[in-house]
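Participant: Got a structure for you, query_16.cif, holding mmCIF, C-alpha atoms and all ligand atoms.
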data_entry
#
loop_
_atom_site.label_atom_id
_atom_site.label_comp_id
_atom_site.auth_asym_id
_atom_site.auth_seq_id
_atom_site.Cartn_x
_atom_site.Cartn_y
_atom_site.Cartn_z
CA MET A 136 0.00 0.00 0.00
CA ALA A 137 1.49 3.36 -1.04
CA GLU A 138 2.31 5.37 2.05
CA GLY A 139 0.57 8.69 2.56
CA SER A 140 -1.82 8.32 -0.34
CA LEU A 141 -4.98 8.16 1.69
CA PRO A 142 -7.03 11.38 1.42
CA ARG A 143 -5.93 14.20 3.71
CA LYS A 144 -9.38 14.30 5.26
CA PHE A 145 -9.32 10.57 6.06
CA ARG A 146 -9.82 11.27 9.73
CA SER A 147 -12.87 13.49 9.31
CA MET A 148 -14.59 11.19 6.79
CA PRO A 149 -17.52 9.03 7.83
CA PRO A 150 -16.20 5.50 8.43
CA ILE A 151 -17.98 4.04 5.42
CA THR A 152 -16.23 6.59 3.16
CA ARG A 153 -12.92 5.75 4.82
CA ARG A 154 -13.44 2.16 3.80
CA GLU A 155 -14.12 3.22 0.22
CA ALA A 156 -10.89 5.22 0.26
CA LEU A 157 -9.03 2.19 1.53
CA VAL A 158 -10.48 -0.04 -1.19
CA GLU A 159 -9.47 2.55 -3.79
CA LEU A 160 -5.96 2.74 -2.38
CA CYS A 161 -5.50 -1.03 -2.31
CA GLY A 162 -7.14 -1.60 -5.70
CA HIS A 163 -9.21 -4.38 -4.13
CA LYS A 164 -11.22 -5.02 -0.99
CA PRO A 165 -8.58 -5.77 1.66
CA ASP A 166 -9.14 -8.78 3.88
CA ILE A 167 -9.67 -6.58 6.91
CA LEU A 168 -12.85 -5.27 5.36
CA GLN A 169 -14.32 -8.59 4.25
CA ASP A 170 -15.95 -9.79 7.43
CA ASN A 171 -16.69 -6.60 9.28
CA PRO A 172 -20.37 -6.26 10.04
CA LEU A 173 -21.28 -2.70 9.13
CA ASP A 174 -23.27 -2.10 12.29
CA TYR A 175 -19.99 -2.33 14.22
CA LEU A 176 -18.52 0.53 12.23
CA ASP A 177 -20.25 3.27 14.19
CA LEU A 178 -19.12 1.64 17.41
CA ALA A 179 -15.53 1.53 16.17
CA ASP A 180 -15.82 5.12 15.05
CA VAL A 181 -16.89 6.41 18.46
CA MET A 182 -14.18 4.39 20.20
CA ILE A 183 -11.13 5.41 18.15
CA GLU A 184 -10.15 7.80 15.37
CA GLN A 185 -9.71 6.92 11.71
CA ALA A 186 -11.60 3.64 12.19
CA VAL A 187 -12.14 1.42 9.15
CA GLY A 188 -13.35 -1.75 10.80
CA ILE A 189 -13.01 -4.10 13.71
CA MET A 190 -10.61 -6.92 14.36
CA GLY A 191 -12.23 -10.01 15.77
CA VAL A 192 -10.38 -11.81 18.55
CA PRO A 193 -11.92 -15.09 19.74
CA LEU A 194 -13.97 -14.84 22.94
CA GLY A 195 -14.12 -18.01 25.02
CA ILE A 196 -15.29 -18.94 28.48
CA ALA A 197 -13.03 -20.53 31.08
CA THR A 198 -15.14 -22.81 33.21
CA GLY A 199 -15.07 -24.36 36.66
CA PHE A 200 -13.80 -21.44 38.75
CA LEU A 201 -14.69 -21.59 42.44
CA ILE A 202 -13.72 -18.24 43.93
CA ASP A 203 -14.52 -17.43 47.56
CA GLY A 204 -17.16 -20.14 47.50
CA ARG A 205 -18.87 -18.83 44.37
CA GLU A 206 -18.95 -20.42 40.90
CA TYR A 207 -17.72 -18.32 37.99
CA ALA A 208 -17.54 -18.80 34.22
CA VAL A 209 -14.83 -16.38 33.12
CA PRO A 210 -14.93 -14.72 29.68
CA MET A 211 -11.55 -14.44 27.98
CA ALA A 212 -10.64 -12.75 24.70
CA THR A 213 -7.39 -14.12 23.32
CA GLU A 214 -5.73 -15.11 20.06
CA GLU A 215 -3.65 -17.83 21.76
CA PRO A 216 -4.69 -21.49 21.66
CA SER A 217 -4.54 -23.64 24.82
CA VAL A 218 -4.88 -20.69 27.21
CA ILE A 219 -8.59 -21.10 28.01
CA ALA A 220 -8.34 -24.89 28.17
CA ALA A 221 -5.38 -24.55 30.56
CA ALA A 222 -7.21 -22.09 32.83
CA SER A 223 -10.27 -24.34 33.00
CA TYR A 224 -8.14 -27.41 33.67
CA ALA A 225 -6.30 -25.66 36.50
CA ALA A 226 -9.56 -24.30 37.96
CA GLY A 227 -10.93 -27.86 38.03
CA ILE A 228 -7.91 -29.06 40.03
CA ILE A 229 -7.89 -26.06 42.36
CA ARG A 230 -11.51 -26.64 43.33
CA LEU A 231 -10.46 -30.04 44.75
CA GLY A 232 -8.73 -28.04 47.48
CA GLY A 233 -11.72 -25.72 48.04
CA GLY A 234 -11.07 -23.22 45.23
CA PHE A 235 -9.52 -19.77 45.36
CA GLU A 236 -9.52 -17.37 48.27
CA THR A 237 -9.18 -13.78 47.17
CA SER A 238 -8.97 -10.30 48.65
CA ALA A 239 -8.44 -6.79 47.36
CA THR A 240 -7.30 -3.43 48.66
CA GLU A 241 -9.41 -0.30 48.64
CA PRO A 242 -9.48 0.87 44.99
CA LEU A 243 -6.97 3.71 45.25
CA MET A 244 -5.44 5.35 42.23
CA THR A 245 -2.83 8.10 42.27
CA CYS A 246 -2.34 11.29 40.31
CA GLN A 247 1.15 12.79 39.98
CA ILE A 248 1.86 16.46 39.45
CA PHE A 249 5.43 17.53 38.73
CA PHE A 250 6.66 21.10 39.10
CA HIS A 251 9.95 22.70 38.25
CA ARG A 252 11.94 23.24 41.48
CA THR A 253 14.72 25.77 41.77
CA ALA A 254 18.03 25.00 43.52
CA SER A 255 17.14 27.09 46.58
CA PHE A 256 13.72 25.45 47.00
CA ASP A 257 12.92 24.62 50.66
CA LEU A 258 10.56 21.63 50.71
CA SER A 259 9.63 21.73 54.40
CA ALA A 260 8.90 25.45 54.38
CA TRP A 261 6.85 25.13 51.17
CA THR A 262 4.88 22.19 52.54
CA ALA A 263 4.16 23.93 55.86
CA ASP A 264 2.93 27.03 54.03
CA HIS A 265 0.88 25.41 51.27
CA LEU A 266 -0.15 21.82 52.06
CA PRO A 267 -3.55 22.55 53.70
CA ALA A 268 -4.74 24.72 50.79
CA VAL A 269 -3.45 22.32 48.13
CA GLN A 270 -5.10 19.41 49.93
CA GLU A 271 -8.39 21.29 50.05
CA GLN A 272 -8.19 21.88 46.29
CA ALA A 273 -7.67 18.17 45.69
CA ARG A 274 -10.53 17.22 48.02
CA THR A 275 -12.87 19.62 46.21
CA ALA A 276 -11.86 18.36 42.77
CA LEU A 277 -12.59 14.79 43.87
CA ALA A 278 -15.85 15.57 45.67
CA SER A 279 -18.04 13.96 42.99
CA LEU A 280 -16.66 10.55 44.03
CA GLU A 281 -17.75 10.96 47.64
CA SER A 282 -21.41 10.07 47.09
CA ARG A 283 -20.22 6.57 46.08
CA GLY A 284 -17.92 6.17 49.08
CA GLY A 285 -14.82 7.32 47.19
CA GLY A 286 -12.90 10.55 46.86
CA PHE A 287 -9.75 12.08 48.30
CA ARG A 288 -7.63 9.88 50.56
CA ASP A 289 -4.06 11.18 50.78
CA ILE A 290 -1.56 13.71 49.48
CA ARG A 291 2.26 13.53 49.48
CA ILE A 292 4.77 16.19 48.55
CA SER A 293 8.35 15.27 47.76
CA THR A 294 11.43 16.26 45.81
CA ASP A 295 14.16 14.23 44.21
CA GLY A 296 17.82 14.82 44.93
CA THR A 297 18.95 14.62 41.30
CA VAL A 298 16.04 15.90 39.24
CA PRO A 299 14.88 19.49 39.80
CA TRP A 300 11.26 18.57 40.51
CA LEU A 301 8.67 19.01 43.18
CA ARG A 302 6.18 16.16 43.06
CA ILE A 303 2.68 16.16 44.51
CA GLU A 304 0.90 12.81 44.60
CA ILE A 305 -2.80 12.54 45.34
CA ASP A 306 -4.52 9.25 46.16
CA ALA A 307 -8.23 8.83 45.61
CA ASN A 308 -10.69 5.99 46.00
CA VAL A 309 -12.04 5.69 42.44
CA GLY A 310 -14.73 3.08 43.17
CA ASP A 311 -15.66 1.10 40.06
CA ALA A 312 -13.99 3.51 37.64
CA MET A 313 -10.43 3.45 36.37
CA GLY A 314 -10.23 7.03 37.56
CA ALA A 315 -8.09 8.42 34.74
CA ASN A 316 -10.46 11.25 33.81
CA ARG A 317 -11.26 12.27 37.36
CA LEU A 318 -7.64 12.14 38.51
CA ASN A 319 -6.27 13.91 35.44
CA THR A 320 -8.84 16.68 35.94
CA THR A 321 -7.89 16.87 39.61
CA GLY A 322 -4.19 16.99 38.77
CA GLU A 323 -4.69 19.84 36.33
CA ALA A 324 -6.88 21.79 38.80
CA VAL A 325 -4.32 21.37 41.58
CA ALA A 326 -1.46 22.28 39.23
CA ALA A 327 -3.24 25.47 38.19
CA PHE A 328 -3.92 26.37 41.83
CA VAL A 329 -0.28 25.84 42.80
CA GLU A 330 0.98 27.85 39.83
CA GLN A 331 -1.39 30.69 40.68
CA HIS A 332 -0.68 30.80 44.40
CA THR A 333 2.98 29.94 44.69
CA GLY A 334 4.51 30.87 41.38
CA ILE A 335 6.22 27.53 40.74
CA ARG A 336 5.68 26.18 37.22
CA ARG A 337 4.18 22.81 36.48
CA ILE A 338 5.87 20.33 34.16
CA MET A 339 2.94 17.91 33.90
CA ALA A 340 -0.02 16.38 35.72
CA VAL A 341 -1.33 12.89 35.01
CA LEU A 342 -2.47 9.74 36.77
CA THR A 343 0.16 7.04 37.25
CA ASN A 344 -0.74 3.69 35.75
CA ALA A 345 1.40 1.95 38.39
CA SER A 346 -1.86 1.29 40.31
CA GLU A 347 0.14 -0.14 43.21
CA LYS A 348 -2.47 0.79 45.79
CA LYS A 349 -5.23 -1.00 43.87
CA ARG A 350 -4.24 -4.62 44.21
CA ALA A 351 -5.90 -8.01 44.30
CA ARG A 352 -4.63 -11.24 45.74
CA ALA A 353 -5.64 -14.83 45.03
CA ALA A 354 -4.49 -17.97 46.80
CA PHE A 355 -5.21 -21.68 46.83
CA SER A 356 -4.01 -24.73 48.64
CA LEU A 357 -3.92 -28.34 47.48
CA SER A 358 -2.70 -31.33 49.36
CA VAL A 359 0.43 -32.88 47.88
CA GLU A 360 -1.55 -36.10 47.78
CA GLN A 361 -4.36 -34.50 45.72
CA LEU A 362 -1.82 -33.00 43.39
CA SER A 363 -0.02 -36.27 42.84
CA ARG A 364 -3.27 -37.81 41.53
CA VAL A 365 -4.11 -35.23 38.83
CA ARG A 366 -3.26 -35.82 35.19
CA GLY A 367 0.38 -34.86 34.73
CA GLY A 368 0.99 -34.88 38.51
CA GLY A 369 3.29 -37.14 40.54
CA PRO A 370 4.73 -37.52 44.03
CA ASP A 371 7.27 -34.75 43.51
CA THR A 372 5.02 -32.36 41.54
CA ALA A 373 4.58 -29.89 44.42
CA VAL A 374 8.33 -29.69 45.05
CA ARG A 375 9.05 -29.22 41.35
CA ILE A 376 6.47 -26.41 41.13
CA VAL A 377 8.01 -24.63 44.12
CA LEU A 378 11.43 -24.95 42.50
CA ALA A 379 10.09 -23.59 39.19
CA ASP A 380 8.66 -20.61 41.10
CA GLN A 381 11.99 -20.03 42.87
CA ILE A 382 13.77 -20.10 39.52
CA ALA A 383 11.39 -17.41 38.24
CA HIS A 384 12.23 -15.31 41.33
CA ALA A 385 15.96 -15.69 40.71
CA ASP A 386 16.19 -15.50 36.91
CA PRO A 387 14.62 -12.42 35.24
CA GLY A 388 14.55 -14.15 31.84
CA ARG A 389 12.41 -16.93 33.23
CA ALA A 390 10.37 -14.42 35.30
CA VAL A 391 9.25 -12.65 32.12
CA THR A 392 7.86 -15.88 30.65
CA HIS A 393 6.39 -16.96 33.99
CA ASN A 394 4.57 -13.61 34.31
CA LYS A 395 3.57 -13.63 30.65
CA GLY A 396 1.71 -16.85 31.40
CA ILE A 397 -0.13 -15.09 34.25
CA MET A 398 -1.03 -12.26 31.87
CA ASN A 399 -2.42 -14.79 29.37
CA GLY A 400 -5.32 -14.90 31.79
CA VAL A 401 -5.36 -11.38 33.23
CA SER A 402 -5.07 -9.60 29.85
CA ALA A 403 -7.65 -11.89 28.23
CA LEU A 404 -10.16 -10.96 30.94
CA ALA A 405 -9.20 -7.29 30.60
CA LEU A 406 -9.87 -7.40 26.85
CA ALA A 407 -13.09 -9.39 27.18
CA SER A 408 -14.41 -6.91 29.74
CA GLY A 409 -13.45 -3.85 27.68
CA ASN A 410 -10.70 -2.76 30.06
CA ASP A 411 -7.47 -0.96 29.17
CA THR A 412 -5.15 -3.92 28.63
CA ARG A 413 -2.02 -1.73 28.38
CA ALA A 414 -2.73 -0.08 31.73
CA VAL A 415 -3.28 -3.46 33.36
CA GLU A 416 -0.09 -4.88 31.84
CA ALA A 417 2.15 -1.87 32.54
CA ALA A 418 1.05 -1.92 36.18
CA VAL A 419 1.67 -5.62 36.62
CA HIS A 420 5.15 -5.56 35.08
CA SER A 421 6.15 -2.50 37.09
CA TRP A 422 4.98 -4.31 40.24
CA ALA A 423 7.06 -7.35 39.24
CA ALA A 424 10.13 -5.07 39.13
CA ARG A 425 9.42 -3.17 42.36
CA SER A 426 12.45 -4.63 44.16
CA GLY A 427 14.73 -3.26 41.43
CA SER A 428 14.95 -6.59 39.68
CA TYR A 429 12.19 -8.22 37.60
CA LYS A 430 10.74 -11.20 39.52
CA ALA A 431 7.94 -13.76 39.48
CA LEU A 432 4.61 -12.44 40.71
CA THR A 433 3.61 -15.70 42.38
CA ASP A 434 4.73 -17.43 45.56
CA TYR A 435 4.54 -21.19 46.01
CA THR A 436 5.45 -23.07 49.17
CA VAL A 437 4.97 -26.57 50.51
CA ASP A 438 3.87 -26.70 54.17
CA ASN A 439 2.31 -29.48 56.19
CA GLY A 440 1.73 -31.66 53.16
CA CYS A 441 0.09 -28.86 51.13
CA LEU A 442 1.13 -26.85 48.12
CA ASN A 443 0.20 -23.22 48.81
CA ALA A 444 0.07 -20.75 45.94
CA CYS A 445 -0.61 -17.06 45.84
CA LEU A 446 -0.53 -14.20 43.38
CA GLU A 447 -0.81 -10.51 44.19
CA ILE A 448 -1.02 -7.96 41.39
CA PRO A 449 -2.07 -4.37 40.79
CA THR A 450 -5.45 -4.50 39.10
CA ALA A 451 -6.30 -1.44 37.05
CA PHE A 452 -9.69 -2.99 36.24
CA ALA A 453 -12.81 -0.87 36.04
CA THR A 454 -16.46 -1.68 35.51
CA ALA A 455 -17.85 1.84 35.20
CA GLY A 456 -16.96 4.09 32.30
CA GLY A 457 -14.76 3.15 29.36
CA ALA A 458 -15.66 0.47 26.84
CA THR A 459 -16.91 -1.83 29.62
CA ALA A 460 -20.06 0.24 29.90
CA PHE A 461 -21.12 0.17 26.24
CA HIS A 462 -19.17 -2.28 24.07
CA PRO A 463 -21.65 -5.09 23.31
CA THR A 464 -19.12 -7.90 23.85
CA ALA A 465 -17.76 -6.31 27.00
CA ARG A 466 -21.31 -5.97 28.30
CA ALA A 467 -21.97 -9.61 27.45
CA SER A 468 -18.79 -10.58 29.32
CA MET A 469 -19.89 -8.58 32.33
CA ALA A 470 -23.32 -10.23 32.20
CA ILE A 471 -21.67 -13.69 32.11
CA LEU A 472 -19.83 -12.68 35.29
CA GLU A 473 -23.14 -11.43 36.73
CA ASN A 474 -22.04 -7.80 36.61
CA PRO A 475 -19.35 -7.60 39.28
CA GLY A 476 -17.99 -4.30 40.57
CA ALA A 477 -14.36 -3.39 39.87
CA THR A 478 -13.07 -4.93 43.09
CA GLU A 479 -14.77 -8.26 42.42
CA LEU A 480 -13.56 -8.22 38.81
CA SER A 481 -10.03 -7.59 40.11
CA ARG A 482 -10.28 -10.57 42.45
CA ILE A 483 -11.48 -12.76 39.56
CA ALA A 484 -8.52 -11.50 37.47
CA ALA A 485 -6.06 -12.50 40.20
CA ALA A 486 -7.63 -15.97 40.47
CA LEU A 487 -7.53 -16.39 36.70
CA GLY A 488 -3.87 -15.30 36.53
CA LEU A 489 -2.95 -17.76 39.25
CA ALA A 490 -4.86 -20.59 37.55
CA GLN A 491 -3.06 -19.84 34.31
CA ASN A 492 0.33 -19.91 36.03
CA PHE A 493 -0.45 -23.11 37.91
CA ALA A 494 -1.51 -24.82 34.66
CA ALA A 495 1.73 -23.72 32.99
CA LEU A 496 3.93 -24.91 35.88
CA LEU A 497 2.08 -28.20 36.10
CA ALA A 498 2.71 -28.84 32.42
CA LEU A 499 6.25 -27.47 32.32
CA THR A 500 7.45 -29.42 35.35
CA GLY A 501 5.52 -32.51 34.19
CA GLU A 502 5.16 -33.72 30.65
CA GLY A 503 6.09 -30.40 28.96
CA ILE A 504 3.84 -28.02 27.08
CA GLN A 505 4.20 -29.31 23.54
CA LYS A 506 1.99 -32.38 23.98
CA GLY A 507 -1.49 -31.37 22.88
CA HIS A 508 -0.08 -28.21 21.35
CA MET A 509 0.54 -29.88 17.97
CA GLU A 510 -3.08 -31.02 17.78
CA LYS A 511 -4.29 -27.43 18.20
CA HIS A 512 -1.68 -26.30 15.70
CA ALA A 513 -3.03 -28.90 13.29
CA ARG A 514 -6.55 -27.44 13.52
CA LYS A 515 -5.20 -24.01 12.63
CA THR A 516 -3.15 -25.43 9.74
CA ALA A 517 -6.21 -27.31 8.47
CA TYR A 518 -8.13 -24.02 8.51
CA ILE A 519 -5.38 -22.20 6.63
CA ALA A 520 -5.37 -25.03 4.08
CA GLY A 521 -9.03 -24.34 3.43
CA ALA A 522 -10.92 -26.75 5.69
CA ARG A 523 -14.14 -25.41 7.15
CA GLY A 524 -16.71 -26.76 9.60
CA PRO A 525 -16.35 -30.48 10.47
CA ALA A 526 -13.52 -30.81 7.92
CA ILE A 527 -11.21 -28.88 10.29
CA GLN A 528 -11.36 -31.56 12.97
CA ALA A 529 -11.28 -34.41 10.46
CA VAL A 530 -8.17 -33.07 8.72
CA ALA A 531 -6.46 -32.21 12.05
CA ALA A 532 -7.13 -35.69 13.44
CA GLU A 533 -5.65 -37.27 10.33
CA MET A 534 -2.62 -34.95 10.54
CA ALA A 535 -2.09 -36.02 14.17
CA ARG A 536 -2.49 -39.70 13.22
CA ARG A 537 0.14 -39.34 10.50
CA LYS A 538 2.26 -36.96 12.62
CA ALA A 539 2.33 -34.73 9.54
CA TYR A 540 1.81 -31.10 10.51
CA SER A 541 2.83 -28.97 7.52
CA LEU A 542 0.47 -26.86 5.42
CA ALA A 543 1.18 -29.15 2.45
CA ASP A 544 0.22 -32.15 4.60
CA ALA A 545 -3.04 -30.47 5.60
CA ALA A 546 -3.83 -29.52 2.00
CA GLY A 547 -3.05 -33.04 0.80
CA ILE A 548 -5.31 -34.61 3.42
CA LEU A 549 -8.07 -32.11 2.66
CA ASN A 550 -7.93 -33.02 -1.02
CA GLU A 551 -8.00 -36.74 -0.21
CA THR A 552 -11.08 -36.52 2.01
CA ASP A 553 -14.60 -35.95 0.81
CA THR A 554 -15.44 -33.87 3.89
CA PRO A 555 -16.74 -30.44 2.81
CA GLY A 556 -14.18 -27.65 2.85
CA THR A 557 -12.78 -25.08 0.52
CA ALA A 558 -9.97 -26.32 -1.65
CA ALA A 559 -6.46 -25.60 -0.47
CA GLY A 560 -5.16 -22.17 -1.23
CA GLU A 561 -8.55 -20.63 -1.93
CA ILE A 562 -8.84 -18.55 1.19
C1 LIG B 1 2.74 -19.46 26.96
O1 LIG B 1 1.85 -18.51 26.41
C2 LIG B 1 2.90 -19.24 28.45
C3 LIG B 1 3.94 -20.12 29.13
O2 LIG B 1 5.18 -20.00 28.44
C4 LIG B 1 4.07 -19.61 30.54
C5 LIG B 1 5.23 -20.20 31.31
O3 LIG B 1 6.21 -20.62 30.71
O4 LIG B 1 5.12 -20.20 32.56
C6 LIG B 1 3.55 -21.56 29.08
#
How would this structure read if it were set down as structure tokens?
Ligand code: MEV

Facilitator:
Amino acid sequence: MAEGSLPRKFRSMPPITRREALVELCGHKPDILQDNPLDYLDLADVMIEQAVGIMGVPLGIATGFLIDGREYAVPMATEEPSVIAAASYAAGIIRLGGGFETSATEPLMTCQIFFHRTASFDLSAWTADHLPAVQEQARTALASLESRGGGFRDIRISTDGTVPWLRIEIDANVGDAMGANRLNTTGEAVAAFVEQHTGIRRIMAVLTNASEKKRARAAFSLSVEQLSRVRGGGPDTAVRIVLADQIAHADPGRAVTHNKGIMNGVSALALASGNDTRAVEAAVHSWAARSGSYKALTDYTVDNGCLNACLEIPTAFATAGGATAFHPTARASMAILENPGATELSRIAAALGLAQNFAALLALTGEGIQKGHMEKHARKTAYIAGARGPAIQAVAAEMARRKAYSLADAAGILNETDTPGTAAGEI
């Protein structure tokens, strides 16, 4: 596609006209426009700029979650095979030990305001003179949250020895919202007040996505005996899992993969529920590095014949505002979860992340993760070769039987069978 040859007014065009421009540019109807139902176009157009369509990511439901004594079916949007099956499998094992126990902190988010500080700046004198008035400004700007039990909670003023800044941090209980709009508005109001009344100049004011005061924790316990009887388990499974966890605490390279497995669950729930996946992910990875070195987010121990597991993560999940409130799939996901508030959704996210990690460690320390993977790969290859409907499974099963997993193998098998499917190469 020739760069820069879309019309200058591409952004201000109605989305349907944007699509026409794209077709003209490409000389044909690009694949991304083939399957997009037109009634989704307006939705895309109000969510982002320069929208031309939607990208479908599979939505699945992880089953069998017992969290704080309550059954949950957990919607997950992901492009990765095996993830939902693994979460459901782990949830089924974890319920043998009574399921997950979860907890969460008060939903506090923080706004940061940075000002330019001169060399002669006296922090204690400035704070003594100005803190009460600045705090009052923050409290007033956050007053709309008070009717729902939220609002202003804390303010901190600090400087850094090396960077010429003065930093004001304001914590607020944001309830079910992510809090970005409210806290950014508050930050700008406080910054303007400080500039007006003290003469120091602001550099910037914005919420921090670190979300470290809005955390959720999930834990489970399984007897070593129970664990030894599950598929893929053995007498030393618990010890091997603890060792795998310790390795991920000691080796940052392994920690990244370990935590990525956790995020297979957490991010999939964030996407399914219309949450800001980047905010959730940035917060979690920053939390994993809070000691100064990137570490595993989980802790596993063996005590008194039990494997104990826990995961604690920042959870920048919201259920009010954002896409969660109006995106049809996000609303469906929320309905499947019986419309939890943000704190409950955060607790579910922590349980899901822990289940995902447990499934990965069980497989990795047991029979490995490739078994079963090739069968799912075969289904995808059969699809790419042109199989549709029941032909996908039939071709994949035959590929597995022959241990022949290439695209050419799939196409050959598809041509041999009389199961309906498009001919190879036609998609
Ligand atoms: C794959 O998406 C995730 C795993 O690599 C996680 C892990 O290694 O712990 C299986």

Participant: Find the residues near ligand LIG 1 (chain B). Use a cut-off of 8 Å, count all atoms listed in the file, and write them as JSON, numbers by chain.

Facilitator: {"A": [215, 218, 389, 392, 393, 394, 395, 396, 397, 399, 492, 495, 496, 499, 504]}

Participant: Using only C-alpha atoms, I'd like a table of the residues in stretch 419-460 of chain A that come within 7 Å of stretch 401-410 of chain A; for each, show the closest atom pair and its distance in Å rounded to one decimal, ordered by chain and ascending number, as a Markdown table.

Facilitator:
| residue | atom | partner | partner_atom | distance |
| --- | --- | --- | --- | --- |
| A:Phe452 | CA | A:Asn410 | CA | 6.3 |
| A:Ala453 | CA | A:Asn410 | CA | 6.6 |
| A:Ala458 | CA | A:Gly409 | CA | 4.9 |
| A:Thr459 | CA | A:Gly409 | CA | 4.5 |

Participant: List as a list of chain:residue names the residues having at least one atom at most 12 Å from position (-17.1, 5.4, 12.6) as given in the file, counting only C-alpha atoms.

Facilitator: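 Residues with an atom close enough to that point: A:Phe145, A:Arg146, A:Ser147, A:Met148, A:Pro149, A:Pro150, A:Ile151, A:Thr152, A:Arg153, A:Arg154, A:Leu173, A:Asp174, A:Tyr175, A:Leu176, A:Asp177, A:Leu178, A:Ala179, A:Asp180, A:Val181, A:Met182, A:Ile183, A:Glu184, A:Gln185, A:Ala186, A:Val187, A:Gly188, A:Ile189.
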
Participant: Around the point (6.7, -1.3, 37.0), in the coordinates given by the file, pick out the residues reaching within 12 Å, counting only C-alpha atoms, and return them as a compact mmCIF listing (two decimals) with C-alpha atoms, in the frame of the given file.

Facilitator:
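Below you can see point-v7.txt, which holds the result:
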# COMPACT_ATOMS: atom_id res chain seq x y z
CA THR A 343 0.16 7.04 37.25
CA ASN A 344 -0.74 3.69 35.75
CA ALA A 345 1.40 1.95 38.39
CA SER A 346 -1.86 1.29 40.31
CA GLU A 347 0.14 -0.14 43.21
CA ALA A 414 -2.73 -0.08 31.73
CA VAL A 415 -3.28 -3.46 33.36
CA GLU A 416 -0.09 -4.88 31.84
CA ALA A 417 2.15 -1.87 32.54
CA ALA A 418 1.05 -1.92 36.18
CA VAL A 419 1.67 -5.62 36.62
CA HIS A 420 5.15 -5.56 35.08
CA SER A 421 6.15 -2.50 37.09
CA TRP A 422 4.98 -4.31 40.24
CA ALA A 423 7.06 -7.35 39.24
CA ALA A 424 10.13 -5.07 39.13
CA ARG A 425 9.42 -3.17 42.36
CA SER A 426 12.45 -4.63 44.16
CA GLY A 427 14.73 -3.26 41.43
CA SER A 428 14.95 -6.59 39.68
CA TYR A 429 12.19 -8.22 37.60
CA LYS A 430 10.74 -11.20 39.52
CA LEU A 432 4.61 -12.44 40.71
CA ILE A 448 -1.02 -7.96 41.39
CA PRO A 449 -2.07 -4.37 40.79

Participant: Could you list, as a list of chain:residue names, every residue within 8 Å of A:Arg337, counting all atoms listed in the file and ignoring same-chain residues fewer than 5 positions away?

Facilitator: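 My reading of the contact set: A:Ile248, A:Phe249, A:Phe250, A:His251, A:Ala326, A:Glu330.
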
Participant: Name the closest residue to A:Ala513 among the candidates A:Gly232, A:Gly457, A:Pro216, A:Gly501; distances are taken between atoms, counting only C-alpha atoms.

Facilitator: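 Selected residue with least distance to A:Ala513: A:Pro216.
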
Participant: Could you jot down the atom CA of A:Val341 to atom CA of A:Leu318 separation for me, Å, one decimal place?

Facilitator: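 Separation between atom CA of A:Val341 and atom CA of A:Leu318: 7.3 Å.
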
Participant: Show me, as number ranges by chain, the residues that have an atom within 8 Å of A:Ala477 when counting all atoms listed in the file, minus same-chain residues fewer than 2 positions from it.

Facilitator: A: 310-312, 452-455, 475, 479-481

Participant: Determine the nearest neighbour of A:Ile229 from the options A:Val309, A:Ala498, A:Leu201, A:Leu160, counting only C-alpha atoms.

Facilitator: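 Ranked by minimum distance to A:Ile229, first place goes to A:Leu201.
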
Participant: Can you pull out the residues contacting A:Ser140? Cut-off 12 Å, using all atoms listed in the file, and skip same-chain residues under 4 positions away; I want them as a list in words.

Facilitator: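 Returned residues: Met136, Lys144, Phe145, Ala156, Leu157, Glu159, Leu160 and Cys161 of chain A.
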
Participant: What box, with edges along x, y and z, holds each listed atom of stretch 466-475 of chain A when 8 Å is added on every side, and can you state its centre and edge lengths in Å to one decimal, as lines of an AutoDock Vina configuration file?

Facilitator:
center_x = -21.1
center_y = -9.8
center_z = 33.4
size_x = 20.5
size_y = 23.7
size_z = 27.8
